[in-house]
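Undergrad: Data file model_24.cif (mmCIF, C-alpha atoms) is appended below.
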data_query
#
loop_
_atom_site.label_atom_id
_atom_site.label_comp_id
_atom_site.auth_asym_id
_atom_site.auth_seq_id
_atom_site.Cartn_x
_atom_site.Cartn_y
_atom_site.Cartn_z
CA MET X 1 71.70 70.96 95.03
CA LYS X 2 75.13 69.43 95.45
CA TYR X 3 77.00 70.24 98.62
CA GLY X 4 79.95 67.93 98.42
CA THR X 5 80.25 64.26 99.16
CA THR X 6 81.25 64.47 102.79
CA PHE X 7 78.82 65.32 105.54
CA SER X 8 80.19 66.39 108.84
CA PHE X 9 77.02 67.24 110.67
CA CYS X 10 75.20 65.25 113.29
CA TRP X 11 71.80 66.91 112.99
CA SER X 12 70.02 63.98 114.57
CA GLY X 13 71.89 64.77 117.80
CA GLY X 14 72.49 61.65 119.82
CA SER X 15 69.68 59.51 118.46
CA LYS X 16 67.51 58.09 121.17
CA LEU X 17 66.85 54.37 121.17
CA LEU X 18 63.45 53.16 122.20
CA LEU X 19 62.74 50.26 124.54
CA TYR X 20 59.21 49.02 124.55
CA HIS X 21 57.76 46.71 127.18
CA TYR X 22 54.77 44.81 125.90
CA SER X 23 53.25 44.01 129.26
CA HIS X 24 52.57 47.47 130.62
CA VAL X 25 53.43 49.77 127.71
CA GLU X 26 56.42 51.49 129.28
CA VAL X 27 58.54 53.47 126.93
CA LYS X 28 62.04 54.12 128.12
CA PHE X 29 64.69 56.31 126.64
CA ILE X 30 68.21 55.08 126.30
CA LYS X 31 70.57 57.76 125.01
CA CYS X 32 73.11 56.33 122.63
CA PHE X 33 76.61 56.63 123.93
CA PHE X 34 78.05 57.44 120.50
CA LYS X 35 78.12 60.61 118.42
CA MET X 36 77.52 60.72 114.72
CA SER X 37 80.78 62.64 114.29
CA SER X 38 82.66 59.49 115.32
CA PHE X 39 81.21 57.61 112.33
CA SER X 40 83.09 57.13 109.08
CA ARG X 41 82.09 59.39 106.20
CA SER X 42 80.02 56.76 104.46
CA ALA X 43 78.27 55.88 107.71
CA GLN X 44 77.55 59.57 108.32
CA GLN X 45 76.02 59.89 104.86
CA TRP X 46 73.94 56.76 105.41
CA ALA X 47 72.70 58.08 108.77
CA THR X 48 71.98 61.52 107.28
CA PHE X 49 69.70 60.23 104.54
CA ALA X 50 68.12 57.37 106.49
CA ARG X 51 64.37 57.35 107.05
CA SER X 52 63.60 57.47 110.79
CA TRP X 53 60.53 56.16 112.54
CA PHE X 54 58.98 58.52 115.08
CA LEU X 55 56.49 57.55 117.78
CA ILE X 56 53.89 59.99 119.18
CA ASP X 57 51.51 59.20 122.05
CA ALA X 58 48.26 61.05 121.41
CA ARG X 59 46.67 60.37 124.80
CA MET X 60 44.90 63.53 126.10
CA GLN X 61 46.46 65.62 123.29
CA PRO X 62 44.73 68.04 120.90
CA PRO X 63 44.57 66.26 117.50
CA GLY X 64 45.54 69.40 115.58
CA LYS X 65 48.84 69.78 117.42
CA ILE X 66 49.59 66.08 116.93
CA ALA X 67 48.76 66.43 113.24
CA SER X 68 51.04 69.44 112.74
CA MET X 69 53.95 67.59 114.37
CA CYS X 70 53.25 64.61 112.11
CA SER X 71 53.03 66.71 108.93
CA VAL X 72 56.34 68.47 109.67
CA ARG X 73 58.12 65.14 109.99
CA LEU X 74 56.36 63.45 107.10
CA GLN X 75 57.52 66.23 104.77
CA GLY X 76 61.06 66.20 106.12
CA LYS X 77 60.88 69.85 107.17
CA HIS X 78 62.69 69.06 110.42
CA LYS X 79 65.90 68.32 108.50
CA PRO X 80 68.37 70.98 107.28
CA ILE X 81 68.72 69.00 104.01
CA TYR X 82 65.03 69.56 103.19
CA HIS X 83 63.90 69.95 99.59
CA PRO X 84 60.28 69.50 98.44
CA LEU X 85 61.33 67.14 95.64
CA SER X 86 63.78 65.06 97.67
CA ASP X 87 61.33 62.66 99.36
CA ILE X 88 63.21 62.80 102.67
CA GLY X 89 60.20 62.48 104.94
CA ASP X 90 60.20 60.07 107.85
CA HIS X 91 57.69 57.55 109.12
CA VAL X 92 55.43 58.63 111.99
CA VAL X 93 53.55 56.20 114.22
CA VAL X 94 50.73 57.67 116.32
CA MET X 95 49.30 55.55 119.10
CA ASN X 96 46.30 56.03 121.41
CA THR X 97 44.38 57.97 118.77
CA ARG X 98 41.18 56.80 120.47
CA HIS X 99 42.09 58.97 123.48
CA ILE X 100 42.65 62.33 121.79
CA ALA X 101 41.17 65.38 123.50
CA PHE X 102 39.51 68.17 121.55
CA SER X 103 39.33 71.48 123.42
CA GLY X 104 36.09 73.40 123.75
CA ASN X 105 32.87 71.92 122.37
CA LYS X 106 34.44 70.59 119.19
CA TRP X 107 33.26 67.04 119.80
CA GLU X 108 29.71 68.28 119.17
CA GLN X 109 30.37 71.35 117.00
CA LYS X 110 33.09 70.29 114.56
CA VAL X 111 31.50 68.85 111.42
CA TYR X 112 33.15 66.60 108.86
CA SER X 113 31.36 66.79 105.50
CA SER X 114 31.65 64.45 102.57
CA HIS X 115 29.93 64.00 99.19
CA THR X 116 30.38 61.01 96.93
CA GLY X 117 29.17 62.94 93.86
CA TYR X 118 25.87 61.12 93.55
CA PRO X 119 22.75 63.19 94.27
CA GLY X 120 21.48 62.97 97.83
CA SER X 121 24.77 61.68 99.26
CA PHE X 122 25.90 64.74 101.20
CA LYS X 123 26.85 63.43 104.62
CA GLN X 124 27.72 65.52 107.65
CA LEU X 125 29.15 63.88 110.74
CA THR X 126 30.08 65.50 114.02
CA ALA X 127 33.52 64.79 115.38
CA ALA X 128 32.06 62.51 118.04
CA GLN X 129 30.20 60.39 115.46
CA MET X 130 33.26 60.25 113.21
CA HIS X 131 35.44 59.17 116.13
CA LYS X 132 32.98 56.46 117.12
CA LYS X 133 32.89 55.13 113.55
CA ASP X 134 36.67 55.18 113.10
CA PRO X 135 38.97 56.22 115.97
CA THR X 136 41.87 57.07 113.63
CA ALA X 137 39.89 59.16 111.13
CA ILE X 138 40.17 62.52 112.91
CA ILE X 139 43.96 62.57 113.00
CA LYS X 140 44.16 61.11 109.50
CA LEU X 141 42.00 63.89 108.04
CA ALA X 142 43.86 66.53 110.02
CA VAL X 143 47.26 65.36 108.73
CA TYR X 144 45.90 65.03 105.17
CA GLY X 145 44.79 68.64 105.30
CA MET X 146 48.13 69.86 106.63
CA LEU X 147 50.33 68.20 104.02
CA PRO X 148 51.16 70.07 100.77
CA LYS X 149 48.42 69.56 98.17
CA ASN X 150 50.51 67.80 95.55
CA LEU X 151 51.23 64.28 94.34
CA THR X 152 53.68 63.56 97.16
CA ARG X 153 50.86 63.84 99.70
CA ARG X 154 49.64 60.27 99.13
CA THR X 155 53.10 58.77 99.63
CA MET X 156 53.49 60.79 102.83
CA MET X 157 50.13 59.53 104.09
CA GLN X 158 51.30 55.97 103.45
CA ARG X 159 54.19 56.67 105.83
CA LEU X 160 51.79 57.73 108.58
CA HIS X 161 50.75 54.82 110.81
CA LEU X 162 47.82 55.35 113.15
CA PHE X 163 46.77 53.02 115.95
CA PRO X 164 43.73 53.56 118.16
CA ASP X 165 45.33 51.95 121.23
CA ASP X 166 48.85 51.40 122.48
CA VAL X 167 49.07 47.93 120.97
CA LEU X 168 51.55 48.17 118.11
CA PRO X 169 52.46 45.35 115.72
CA GLU X 170 55.90 43.84 116.20
CA ASP X 171 57.39 44.89 112.87
CA ILE X 172 56.58 48.54 113.58
CA LEU X 173 57.93 48.26 117.11
CA LYS X 174 61.22 47.01 115.73
CA ASN X 175 61.53 49.99 113.39
CA LEU X 176 60.92 52.79 115.88
CA THR X 177 63.88 55.09 116.49
CA GLU X 178 62.63 58.05 118.50
CA GLU X 179 59.68 59.09 120.63
CA LEU X 180 58.58 62.71 120.40
CA PRO X 181 57.49 64.63 123.52
CA GLN X 182 53.80 65.35 123.84
CA PRO X 183 52.80 68.90 122.81
CA ARG X 184 50.37 69.46 125.65
CA GLU X 185 51.11 69.03 129.35
CA ILE X 186 48.30 66.90 130.75
CA PRO X 187 46.77 68.68 133.75
CA ARG X 188 46.28 66.60 136.86
CA LYS X 189 42.85 65.62 138.03
CA LEU X 190 41.65 66.82 141.43
CA SER X 191 41.75 63.22 142.70
CA GLU X 192 45.48 63.06 141.80
CA TYR X 193 46.40 65.90 144.15
CA THR X 194 47.39 64.90 147.68
CA GLN X 195 45.50 66.26 150.66
CA GLU X 196 48.56 68.32 151.70
CA GLU X 197 48.70 70.06 148.30
CA ARG X 198 44.99 70.77 148.49
CA ASN X 199 45.36 72.28 151.96
CA ALA X 200 48.40 74.29 150.85
CA PHE X 201 46.48 75.86 147.94
CA PRO X 202 45.71 79.50 148.76
CA MET X 203 42.08 80.28 149.47
CA LEU X 204 40.57 83.72 148.87
CA TRP X 205 37.75 83.32 151.32
CA THR X 206 36.34 80.62 153.51
CA PRO X 207 32.68 79.79 153.12
CA ALA X 208 30.97 80.77 156.31
CA MET O 1 70.29 82.80 53.65
CA SER O 2 66.63 82.06 54.37
CA LEU O 3 64.89 83.25 57.49
CA LEU O 4 63.39 79.81 57.88
CA GLY O 5 66.81 78.20 57.80
CA MET O 6 68.12 80.70 60.32
CA PHE O 7 65.25 79.98 62.66
CA TRP O 8 65.75 76.24 62.61
CA ASN O 9 69.51 76.52 62.95
CA GLN O 10 69.20 78.69 66.02
CA THR O 11 66.35 76.97 67.84
CA VAL O 12 66.71 73.27 67.05
CA CYS O 13 68.55 72.64 70.33
CA LEU O 14 65.77 74.40 72.28
CA LEU O 15 62.67 72.73 70.87
CA GLN O 16 63.86 69.14 70.52
CA HIS O 17 61.89 68.11 73.60
CA PHE O 18 58.62 69.93 72.79
CA ARG O 19 55.47 67.88 72.42
CA GLY O 20 53.61 67.20 69.18
CA ARG O 21 53.99 69.34 66.05
CA LYS O 22 55.58 72.20 68.01
CA ASN O 23 58.99 70.60 67.44
CA ARG O 24 58.49 70.22 63.64
CA CYS O 25 56.18 72.80 62.12
CA TYR O 26 57.32 76.41 61.75
CA SER O 27 54.15 78.31 62.72
CA LEU O 28 53.57 76.30 65.89
CA ALA O 29 57.26 76.22 66.75
CA VAL O 30 57.62 79.99 66.55
CA ARG O 31 54.82 80.49 69.07
CA ALA O 32 56.14 77.77 71.36
CA VAL O 33 59.68 79.15 71.34
CA ARG O 34 58.47 82.66 72.13
CA ARG O 35 56.48 81.33 75.14
CA ALA O 36 59.49 79.30 76.25
CA PHE O 37 61.68 82.42 76.27
CA VAL O 38 59.06 84.32 78.24
CA TYR O 39 58.82 81.53 80.82
CA ALA O 40 62.62 81.42 81.09
CA SER O 41 62.81 85.17 81.73
CA LYS O 42 60.14 85.00 84.43
CA ALA O 43 61.81 81.96 85.98
CA ARG O 44 65.17 83.71 86.33
CA LYS O 45 63.49 86.13 88.75
CA ALA O 46 61.46 83.40 90.45
CA LYS O 47 64.58 81.25 90.91
CA ARG O 48 66.08 83.82 93.25
CA ARG O 49 62.86 83.89 95.28
CA SER O 50 62.56 80.11 95.51
CA MET O 51 66.22 79.70 96.48
CA ARG O 52 65.76 82.17 99.33
CA GLN O 53 62.60 80.36 100.42
CA LEU O 54 64.51 77.07 100.49
CA TRP O 55 67.35 78.63 102.52
CA ILE O 56 64.88 79.97 105.05
CA GLN O 57 63.14 76.59 105.39
CA ARG O 58 66.47 74.85 105.93
CA VAL O 59 67.73 77.38 108.49
CA ALA O 60 64.38 77.15 110.29
CA ALA O 61 64.66 73.36 110.46
CA ALA O 62 68.23 73.51 111.74
CA SER O 63 67.46 76.16 114.35
CA ARG O 64 64.42 74.21 115.58
CA GLU O 65 66.78 71.31 116.19
CA GLN O 66 68.74 73.65 118.46
CA HIS O 67 65.51 74.63 120.31
CA MET O 68 65.33 78.07 118.72
CA LYS O 69 62.82 79.51 116.23
CA TYR O 70 63.86 81.04 112.91
CA PRO O 71 62.56 84.62 113.49
CA ALA O 72 64.21 84.74 116.92
CA LEU O 73 67.49 83.48 115.45
CA ILE O 74 67.58 86.03 112.61
CA HIS O 75 66.53 88.99 114.76
CA ASN O 76 69.03 88.23 117.49
CA LEU O 77 71.89 87.64 115.06
CA LEU O 78 71.02 91.01 113.55
CA LYS O 79 71.13 92.61 117.00
CA CYS O 80 74.58 91.09 117.58
CA SER O 81 75.62 92.57 114.18
CA VAL O 82 76.36 89.13 112.74
CA ALA O 83 75.74 89.89 109.06
CA LEU O 84 75.54 86.32 107.75
CA ASN O 85 72.96 85.97 105.01
CA ARG O 86 70.49 83.11 104.69
CA ARG O 87 72.52 81.32 102.02
CA VAL O 88 75.59 81.14 104.25
CA LEU O 89 73.53 80.16 107.28
CA CYS O 90 71.93 77.34 105.26
CA ASP O 91 75.34 76.04 104.12
CA LEU O 92 76.71 76.26 107.66
CA SER O 93 73.75 74.35 109.05
CA ILE O 94 74.39 71.50 106.63
CA THR O 95 78.18 71.28 106.47
CA GLU O 96 79.31 73.03 109.71
CA PRO O 97 76.85 71.94 112.42
CA ARG O 98 79.00 72.97 115.37
CA SER O 99 79.42 76.50 114.00
CA PHE O 100 75.69 76.74 113.48
CA GLN O 101 75.17 75.46 117.02
CA SER O 102 77.41 78.21 118.38
CA LEU O 103 75.51 80.82 116.33
CA THR O 104 72.22 79.66 117.82
CA ALA O 105 73.80 79.78 121.28
CA LEU O 106 74.88 83.37 120.61
CA ALA O 107 71.40 84.32 119.43
CA HIS O 108 69.85 82.60 122.45
CA ALA O 109 72.14 84.48 124.84
CA ARG O 110 71.35 87.81 123.19
CA ARG O 111 67.65 86.98 123.34
CA THR O 112 67.68 86.19 127.05
CA GLU O 113 69.60 89.41 127.67
CA GLY O 114 67.01 91.36 125.69
CA LEU O 115 64.16 89.77 127.62
CA ARG O 116 65.87 90.43 130.94
CA ALA O 117 66.46 94.06 129.96
CA ALA O 118 62.85 94.46 128.85
CA LEU O 119 61.40 92.90 131.99
CA GLY O 120 63.93 94.12 134.51
CA ASP O 121 63.49 97.88 133.81
CA GLY O 122 67.24 98.47 133.65
CA ALA O 123 67.90 97.69 137.31
CA GLU O 124 70.31 94.88 136.42
CA PRO O 125 73.48 95.63 134.50
CA PRO O 126 73.16 95.00 130.73
CA GLY O 127 74.63 91.79 129.41
CA VAL O 128 77.78 91.18 127.47
CA PHE O 129 76.23 90.66 124.03
CA SER O 130 73.96 93.70 124.22
CA ARG O 131 77.00 95.97 124.25
CA ILE O 132 77.61 95.14 120.56
CA THR O 133 75.90 97.89 118.62
CA GLN O 134 74.67 97.43 115.08
CA LEU O 135 77.07 98.36 112.29
CA GLN O 136 76.07 101.49 110.39
#
Rewrite the structure of this file - the entire thing - as structure tokens.
TA:
Amino acid sequence: MKYGTTFSFCWSGGSKLLLYHYSHVEVKFIKCFFKMSSFSRSAQQWATFARSWFLIDARMQPPGKIASMCSVRLQGKHKPIYHPLSDIGDHVVVMNTRHIAFSGNKWEQKVYSSHTGYPGSFKQLTAAQMHKKDPTAIIKLAVYGMLPKNLTRRTMMQRLHLFPDDVLPEDILKNLTEELPQPREIPRKLSEYTQEERNAFPMLWTPA
Amino acid sequence: MSLLGMFWNQTVCLLQHFRGRKNRCYSLAVRAVRRAFVYASKARKAKRRSMRQLWIQRVAAASREQHMKYPALIHNLLKCSVALNRRVLCDLSITEPRSFQSLTALAHARRTEGLRAALGDGAEPPGVFSRITQLQ
């Protein structure tokens, strides 16, 4: 679909640059002080169709929510210029996949089944066993299941980069453009509350 | 004036790209051309459906960038009697981002007014955007 050669929109907002400190894994946001509307037309077009690199921290997050965020961006469905044939998906880097948090009893109850086709090779693994064997497998399978079931799925999976811990290789670090906010707010542990907050919490009854 | 000649004269531009003997031999070509016409007729209806689906996906993506969901956007624009269809909204979101941003702001304002009216039990005065009634 042709919509003219000039693009006047800045749908990536003010793109956020990422600063990464190796020593203690601090990710800082620096908002760019320029707007895409101040670019020349050719620069706008370049920026519109460029492939971004997103970073998601999966620590204490439900893997399904992480996977749905990944699949949306891998397909390019977050862009107003989306078309299923256009191949406008972005790269997504997920770190700390070892520390994902299933809700409920899914670590023991969720079963991943596989069959190689040979007789007697039906394997069933619980999520905990799967995670122990390969810490990135759960999110990988979740994203694979959420992508459209066509030939573009494999290329999209190649653009998904999973890392069990927060150690990322340098070439990927250099490519990152934006970090996405975590879907779930991590609740604080009881030990992280101060004594004053604990005293201030309303009590229904005092144990006699 | 043979029927065979007529057939080939009329359909040679259609079946040039068919596979195998369907582009050469009369009996196979007749069947293939008939199927091709049937597919084309069905596709003319399906094209309208798929175009609308694409518009909706694009407007949803653009509205999510503005922190608004697609159903909320459409419903609140309807309540403000903004009768822009999905095709126009899609084109605006691509080529006129600021206009689309202002439309989402309008929908957001109408939505917050609706929520306030629903939760506040009419004690507060109704908002500015809620006074626009739907066109008949």
Undergrad: In Å, rounded to a single decimal, give me how far CA of Arg58 in chain O is from CA of Tyr82 in chain X.
TA: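 Between CA of Tyr82 in chain X and CA of Arg58 in chain O the gap is 6.1 Å.
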Undergrad: At a cut-off of 7 Å, which residues of chain O touch chain X? Count all atoms listed in the file and give the answer as a PyMOL selection string.
TA: chain O and resi 58-59+61-62+93-97
Undergrad: Name the residues that the PyMOL selection byres ((chain O and resi 66-79) around 10) pulls out of this structure, and write them as a PyMOL selection string.
TA: (chain X and resi 11+13) or (chain O and resi 56-65+80-86+89+100-112+114+129-135)
Undergrad: Do you know which residues the PyMOL selection byres ((chain X and resi 112) around 10) returns on this file, as a ChimeraX atom specification?
TA: /X:109-111,113-114,123-127,129-130,138,141
Undergrad: Could you write out as a list of chain:residue names the residues that the PyMOL selection byres ((chain X and resi 152) around 12) matches in the shown file?
TA: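 Taken over the shown coordinates, the PyMOL selection byres ((chain X and resi 152) around 12) returns X:Leu74, X:Gln75, X:Gly76, X:Pro84, X:Leu85, X:Ser86, X:Asp87, X:Ile88, X:Gly89, X:Tyr144, X:Leu147, X:Pro148, X:Lys149, X:Asn150, X:Leu151, X:Arg153, X:Arg154, X:Thr155, X:Met156, X:Met157, X:Gln158, X:Arg159.
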Undergrad: Just want the 10 Å neighbourhood of Arg184 in chain X, counted on all atoms listed in the file, with same-chain residues fewer than 5 positions away dropped. Output as a list of chain:residue names.
TA: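 The filter keeps X:Ala58, X:Arg59, X:Met60, X:Gln61, X:Pro62, X:Lys65, X:Ile66.
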Undergrad: Restricting it to C-alpha atoms, dump the selection as a compact mmCIF listing (two decimals), keeping the file's coordinate frame.
TA:
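Output file result.txt is given in full below:
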# COMPACT_ATOMS: atom_id res chain seq x y z
CA ALA X 58 48.26 61.05 121.41
CA ARG X 59 46.67 60.37 124.80
CA MET X 60 44.90 63.53 126.10
CA GLN X 61 46.46 65.62 123.29
CA PRO X 62 44.73 68.04 120.90
CA LYS X 65 48.84 69.78 117.42
CA ILE X 66 49.59 66.08 116.93
Undergrad: Which is closest to Val94 in chain X among X:Lys174, X:His131, X:His161, X:Arg73, if we use all atoms listed in the file?
TA: X:His161
Undergrad: Would you mind reading off the distance between CA of Glu178 in chain X and CA of Ile56 in chain X, one decimal, in Å?
TA: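 Rounded to one decimal, the two atoms are 9.0 Å apart.
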Undergrad: Could you jot down the CA of Leu3 in chain O to CA of Gly20 in chain O separation for me, Å, one decimal place?
TA: 22.8 Å
Undergrad: Take range 63-74 of chain X, bring it up to all heavy atoms, and give me the output as a PDB file, keeping the file's coordinate frame.
TA:
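Saved result, rebuild_26.pdb, follows:
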ATOM      1  N   PRO X  63      44.199  66.939 118.756  1.00  0.00           N
ATOM      2  CA  PRO X  63      44.570  66.260 117.500  1.00  0.00           C
ATOM      3  C   PRO X  63      45.239  67.177 116.491  1.00  0.00           C
ATOM      4  O   PRO X  63      46.058  66.724 115.695  1.00  0.00           O
ATOM      5  CB  PRO X  63      43.239  65.713 116.977  1.00  0.00           C
ATOM      6  CG  PRO X  63      42.202  66.453 117.689  1.00  0.00           C
ATOM      7  CD  PRO X  63      42.758  66.887 118.987  1.00  0.00           C
ATOM      8  N   GLY X  64      44.914  68.480 116.531  1.00  0.00           N
ATOM      9  CA  GLY X  64      45.540  69.400 115.580  1.00  0.00           C
ATOM     10  C   GLY X  64      47.022  69.546 115.821  1.00  0.00           C
ATOM     11  O   GLY X  64      47.826  69.582 114.895  1.00  0.00           O
ATOM     12  N   LYS X  65      47.413  69.622 117.097  1.00  0.00           N
ATOM     13  CA  LYS X  65      48.840  69.780 117.420  1.00  0.00           C
ATOM     14  C   LYS X  65      49.595  68.513 117.033  1.00  0.00           C
ATOM     15  O   LYS X  65      50.701  68.569 116.491  1.00  0.00           O
ATOM     16  CB  LYS X  65      49.022  70.038 118.909  1.00  0.00           C
ATOM     17  CG  LYS X  65      48.589  71.410 119.355  1.00  0.00           C
ATOM     18  CD  LYS X  65      49.499  71.970 120.451  1.00  0.00           C
ATOM     19  CE  LYS X  65      49.410  73.477 120.532  1.00  0.00           C
ATOM     20  NZ  LYS X  65      48.277  73.978 121.281  1.00  0.00           N
ATOM     21  N   ILE X  66      48.970  67.340 117.326  1.00  0.00           N
ATOM     22  CA  ILE X  66      49.590  66.080 116.930  1.00  0.00           C
ATOM     23  C   ILE X  66      49.774  66.048 115.415  1.00  0.00           C
ATOM     24  O   ILE X  66      50.827  65.671 114.893  1.00  0.00           O
ATOM     25  CB  ILE X  66      48.716  64.890 117.377  1.00  0.00           C
ATOM     26  CG1 ILE X  66      48.597  64.849 118.890  1.00  0.00           C
ATOM     27  CG2 ILE X  66      49.227  63.590 116.825  1.00  0.00           C
ATOM     28  CD1 ILE X  66      49.814  64.340 119.584  1.00  0.00           C
ATOM     29  N   ALA X  67      48.711  66.492 114.701  1.00  0.00           N
ATOM     30  CA  ALA X  67      48.760  66.430 113.240  1.00  0.00           C
ATOM     31  C   ALA X  67      49.837  67.348 112.680  1.00  0.00           C
ATOM     32  O   ALA X  67      50.500  66.994 111.693  1.00  0.00           O
ATOM     33  CB  ALA X  67      47.396  66.823 112.667  1.00  0.00           C
ATOM     34  N   SER X  68      50.017  68.538 113.296  1.00  0.00           N
ATOM     35  CA  SER X  68      51.040  69.440 112.740  1.00  0.00           C
ATOM     36  C   SER X  68      52.436  68.880 112.972  1.00  0.00           C
ATOM     37  O   SER X  68      53.308  68.968 112.091  1.00  0.00           O
ATOM     38  CB  SER X  68      50.910  70.837 113.325  1.00  0.00           C
ATOM     39  OG  SER X  68      51.318  70.858 114.649  1.00  0.00           O
ATOM     40  N   MET X  69      52.648  68.235 114.138  1.00  0.00           N
ATOM     41  CA  MET X  69      53.950  67.590 114.370  1.00  0.00           C
ATOM     42  C   MET X  69      54.190  66.498 113.334  1.00  0.00           C
ATOM     43  O   MET X  69      55.275  66.351 112.785  1.00  0.00           O
ATOM     44  CB  MET X  69      53.982  66.959 115.760  1.00  0.00           C
ATOM     45  CG  MET X  69      54.085  67.927 116.906  1.00  0.00           C
ATOM     46  SD  MET X  69      53.771  67.141 118.475  1.00  0.00           S
ATOM     47  CE  MET X  69      55.189  66.109 118.653  1.00  0.00           C
ATOM     48  N   CYS X  70      53.125  65.700 113.081  1.00  0.00           N
ATOM     49  CA  CYS X  70      53.250  64.610 112.110  1.00  0.00           C
ATOM     50  C   CYS X  70      53.581  65.172 110.731  1.00  0.00           C
ATOM     51  O   CYS X  70      54.479  64.669 110.040  1.00  0.00           O
ATOM     52  CB  CYS X  70      51.937  63.836 112.004  1.00  0.00           C
ATOM     53  SG  CYS X  70      51.519  62.893 113.439  1.00  0.00           S
ATOM     54  N   SER X  71      52.849  66.227 110.308  1.00  0.00           N
ATOM     55  CA  SER X  71      53.030  66.710 108.930  1.00  0.00           C
ATOM     56  C   SER X  71      54.433  67.262 108.738  1.00  0.00           C
ATOM     57  O   SER X  71      55.037  67.072 107.679  1.00  0.00           O
ATOM     58  CB  SER X  71      51.976  67.764 108.601  1.00  0.00           C
ATOM     59  OG  SER X  71      52.336  69.000 109.118  1.00  0.00           O
ATOM     60  N   VAL X  72      54.980  67.940 109.789  1.00  0.00           N
ATOM     61  CA  VAL X  72      56.340  68.470 109.670  1.00  0.00           C
ATOM     62  C   VAL X  72      57.325  67.341 109.414  1.00  0.00           C
ATOM     63  O   VAL X  72      58.204  67.439 108.538  1.00  0.00           O
ATOM     64  CB  VAL X  72      56.720  69.248 110.944  1.00  0.00           C
ATOM     65  CG1 VAL X  72      58.221  69.423 111.057  1.00  0.00           C
ATOM     66  CG2 VAL X  72      56.051  70.592 110.954  1.00  0.00           C
ATOM     67  N   ARG X  73      57.152  66.224 110.140  1.00  0.00           N
ATOM     68  CA  ARG X  73      58.120  65.140 109.990  1.00  0.00           C
ATOM     69  C   ARG X  73      57.885  64.308 108.760  1.00  0.00           C
ATOM     70  O   ARG X  73      58.818  63.747 108.199  1.00  0.00           O
ATOM     71  CB  ARG X  73      58.111  64.289 111.250  1.00  0.00           C
ATOM     72  CG  ARG X  73      58.914  65.020 112.294  1.00  0.00           C
ATOM     73  CD  ARG X  73      58.835  64.489 113.658  1.00  0.00           C
ATOM     74  NE  ARG X  73      59.621  65.357 114.508  1.00  0.00           N
ATOM     75  CZ  ARG X  73      59.188  66.485 115.041  1.00  0.00           C
ATOM     76  NH1 ARG X  73      57.941  66.858 114.819  1.00  0.00           N
ATOM     77  NH2 ARG X  73      59.963  67.223 115.787  1.00  0.00           N
ATOM     78  N   LEU X  74      56.630  64.208 108.315  1.00  0.00           N
ATOM     79  CA  LEU X  74      56.360  63.450 107.100  1.00  0.00           C
ATOM     80  C   LEU X  74      56.952  64.151 105.880  1.00  0.00           C
ATOM     81  O   LEU X  74      57.397  63.497 104.932  1.00  0.00           O
ATOM     82  CB  LEU X  74      54.857  63.271 106.906  1.00  0.00           C
ATOM     83  CG  LEU X  74      54.176  62.286 107.848  1.00  0.00           C
ATOM     84  CD1 LEU X  74      52.679  62.423 107.761  1.00  0.00           C
ATOM     85  CD2 LEU X  74      54.591  60.874 107.529  1.00  0.00           C
TER      86      LEU X  74
END
